[in-house]
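K.L.:
One structure, pasted below without further comment.
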Amino acid sequence: MPELPEVETIVRGLRRTVVGRRILRVRLGKTDFMDDPAAIEMNLPGRRIEGIERYGKFMVVRLSETNGDKKAPGLLVHLGMTGRLAPVVTERPQEKHTHACFQLDDGRDLRYTDPRRFGRMAFLAEVALAEALAPLGAEPLEVSAEEFHKRLRERRARIKALLLDQHVLRGVGNIYADESLWRAKIHPKRLGARLNRKEASALRRALQEILRRAIALHGSSISDFVDAEGLPGDYQRRHRAYGREGKPCARCKTQIRRIIVAGRSSYFCPRCQRAPRGRSETRRGKRGV
DNA sequence: CGTTGAACCTGTTTGC
DNA sequence: TGCAAACAGGTTCAAC
């Protein structure tokens, strides 16, 4: 469900609705996806939510210090595929798959639900938070053209794999990778390092425009994604490649195809997005010397 | 290094 | 209708 635009949507909603609130009490359900559930239960009550930040697909709920024990502590949250984090009135019955319920001081709970439990949750102090986020790559909306191109040239994987690799860029997932490749007319199997400056530049621009637009429309709601206020996103109606197998390309009417690249379904237009030629980009490299 | 496939877990959709 | 297979917005790890 959640890629950068969806996480950004949630973060913005939470900033408006829960920052400043104090956590009174914690109730946990299944905890197998949490780093240290006991630490969450023990450390959150009594702390105030100071702010919420996004790093790629991660959210950091900044918490107040208590008696100087933990320095600049925060709750690190990743929504995985099906995670949701939203405030609801305490009276509301718990939805199925609610694994964390943080009772706030204003009659609401901040609840985390996640059927598949691919998400992640951890209470961490300043240093541990920084360590957890350090391996992440560049923020797609901030990366310069030069750095973007450089990061692609440093690696020898396919462009689709690079876009999905959170160590290269943070926050891009399967939908926005395919959408940006379609827009930039680049085949997902191309080697990232072989994109020329113009192509890299076009891809960065496509990615940024798509992400900005998706954020403006509150993300893509494919099954049941809803923001902090329970509203679905609208960007799924703008999808030009993702999930459109067999449907006509919006540019040339050729049927969109689905192939597996980097282990993920990849949708593309076989006419607009030319396949890499020769063996060089599909196999090992040049023939034996 | 890079790729592939499997694993983690549950729910929904598709196909026979 | 029923059941099984395929698939899902993500990440990680073993094996090649």
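Going by the structure tokens order, chains are called A, B, ..., each with residues numbered from 1, while ligands are numbered from 1 in the order shown.
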Could you list, with a cut-off of 7 Å and counting only C-alpha atoms (C1' of nucleotides), the residues of chain B near chain A, each shown with its nearest atom pair and the distance in Å rounded to one decimal, rows sorted by chain and ascending number, as a tab-separated table?
P.N.:
```
residue	atom	partner	partner_atom	distance
B:DG2	C1'	A:Ala157	CA	6.4
B:DC9	C1'	A:Arg116	CA	4.5
B:DT10	C1'	A:Arg116	CA	5.1
```
K.L.:
With C-alpha atoms (C1' of nucleotides) retained, could you export that selection as a PDB file, in the first residue's frame?
P.N.:
```
ATOM      1  C1'  DG B   2      23.628  -8.817  -9.108  1.00  0.00           C
ATOM      2  C1'  DC B   9       1.404 -13.298   6.818  1.00  0.00           C
ATOM      3  C1'  DT B  10      -3.379 -12.514   5.548  1.00  0.00           C
TER       4       DT B  10
END
```
K.L.:
If you run DSSP on the backbone, which residues of region 85-141 of chain A are strand (DSSP E or B), as an MDAnalysis selection string?
P.N.:
chainID A and resid 85:89 98:104 108:113 120:124 138
K.L.:
I want to know what sits within 6 Å of Arg25 (chain A), based on only C-alpha atoms (C1' of nucleotides), with residues of the same chain fewer than 5 positions away left out; could you give that as number ranges by chain?
P.N.:
A: 45, 102-103
K.L.:
Just need the residues of chain C within 10 Å of chain A, counting only C-alpha atoms (C1' of nucleotides), so spit them out as a PyMOL selection string.
P.N.:
chain C and resi 7-11
K.L.:
Please produce a file of the residues just selected, as a PDB file, in the first residue's frame, where the atoms kept are N, CA and C atoms (P, O5', C5', C4', C3', O3' and C1' of nucleotides).
P.N.:
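For reference, selection_28.pdb as written:
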```
ATOM      1  P    DC C   7       0.462 -14.611 -10.879  1.00  0.00           P
ATOM      2  O5'  DC C   7       0.053 -13.390  -9.949  1.00  0.00           O
ATOM      3  C5'  DC C   7      -1.221 -12.782 -10.105  1.00  0.00           C
ATOM      4  C4'  DC C   7      -1.458 -11.863  -8.935  1.00  0.00           C
ATOM      5  C3'  DC C   7      -0.181 -11.142  -8.478  1.00  0.00           C
ATOM      6  O3'  DC C   7      -0.277  -9.760  -8.760  1.00  0.00           O
ATOM      7  C1'  DC C   7      -1.452 -11.995  -6.638  1.00  0.00           C
ATOM      8  P    DA C   8       1.023  -8.863  -8.486  1.00  0.00           P
ATOM      9  O5'  DA C   8       0.662  -8.128  -7.117  1.00  0.00           O
ATOM     10  C5'  DA C   8      -0.495  -7.299  -7.032  1.00  0.00           C
ATOM     11  C4'  DA C   8      -0.681  -6.860  -5.592  1.00  0.00           C
ATOM     12  C3'  DA C   8       0.642  -6.594  -4.864  1.00  0.00           C
ATOM     13  O3'  DA C   8       1.024  -5.231  -5.024  1.00  0.00           O
ATOM     14  C1'  DA C   8      -0.867  -7.862  -3.510  1.00  0.00           C
ATOM     15  P    DG C   9       2.357  -4.917  -5.884  1.00  0.00           P
ATOM     16  O5'  DG C   9       2.854  -3.546  -5.293  1.00  0.00           O
ATOM     17  C5'  DG C   9       1.953  -2.546  -4.895  1.00  0.00           C
ATOM     18  C4'  DG C   9       2.726  -1.435  -4.200  1.00  0.00           C
ATOM     19  C3'  DG C   9       3.621  -1.894  -3.062  1.00  0.00           C
ATOM     20  O3'  DG C   9       4.523  -0.845  -2.780  1.00  0.00           O
ATOM     21  C1'  DG C   9       1.598  -1.070  -2.216  1.00  0.00           C
ATOM     22  P    DG C  10       5.988  -1.277  -2.553  1.00  0.00           P
ATOM     23  O5'  DG C  10       5.890  -2.188  -1.262  1.00  0.00           O
ATOM     24  C5'  DG C  10       5.658  -1.613  -0.008  1.00  0.00           C
ATOM     25  C4'  DG C  10       6.668  -2.095   1.026  1.00  0.00           C
ATOM     26  C3'  DG C  10       8.119  -1.991   0.554  1.00  0.00           C
ATOM     27  O3'  DG C  10       8.889  -1.449   1.622  1.00  0.00           O
ATOM     28  C1'  DG C  10       7.617  -4.230   1.162  1.00  0.00           C
ATOM     29  P    DT C  11      10.441  -1.127   1.438  1.00  0.00           P
ATOM     30  O5'  DT C  11      11.158  -2.394   2.050  1.00  0.00           O
ATOM     31  C5'  DT C  11      10.968  -2.657   3.428  1.00  0.00           C
ATOM     32  C4'  DT C  11      11.583  -3.969   3.828  1.00  0.00           C
ATOM     33  C3'  DT C  11      13.077  -4.096   3.536  1.00  0.00           C
ATOM     34  O3'  DT C  11      13.699  -4.302   4.792  1.00  0.00           O
ATOM     35  C1'  DT C  11      11.893  -6.058   2.908  1.00  0.00           C
TER      36       DT C  11
END
```
K.L.:
If you run DSSP on this backbone, which residues of region 13-182 of chain A come out as helix (DSSP H, G or I), and could you give them as a PyMOL selection string?
P.N.:
chain A and resi 13-17+37-43+126-133+145-153+159-164+174-182
K.L.:
Find the residues near Ala122 (chain A): any atom within 8 Å, counting only C-alpha atoms (C1' of nucleotides), skip ones fewer than 6 places away on the same chain, and give them as a PyMOL selection string.
P.N.:
chain A and resi 34-37+40+75-77
K.L.:
Taking 5 positions as the minimum chain separation for residues in the same chain, which residues sit within 9 Å of Arg21 (chain A) when counting only C-alpha atoms (C1' of nucleotides)? Answer as a PyMOL selection string.
P.N.:
chain A and resi 47-50+104-106
K.L.:
Which neighbours of region 239-250 of chain A fall inside 9 Å, counting only C-alpha atoms (C1' of nucleotides), when residues of the same chain fewer than 3 positions from it are skipped, and could you give them as a ChimeraX atom specification?
P.N.:
/A:174-179,181-183,220,235-236,253-258,265-269,271-272
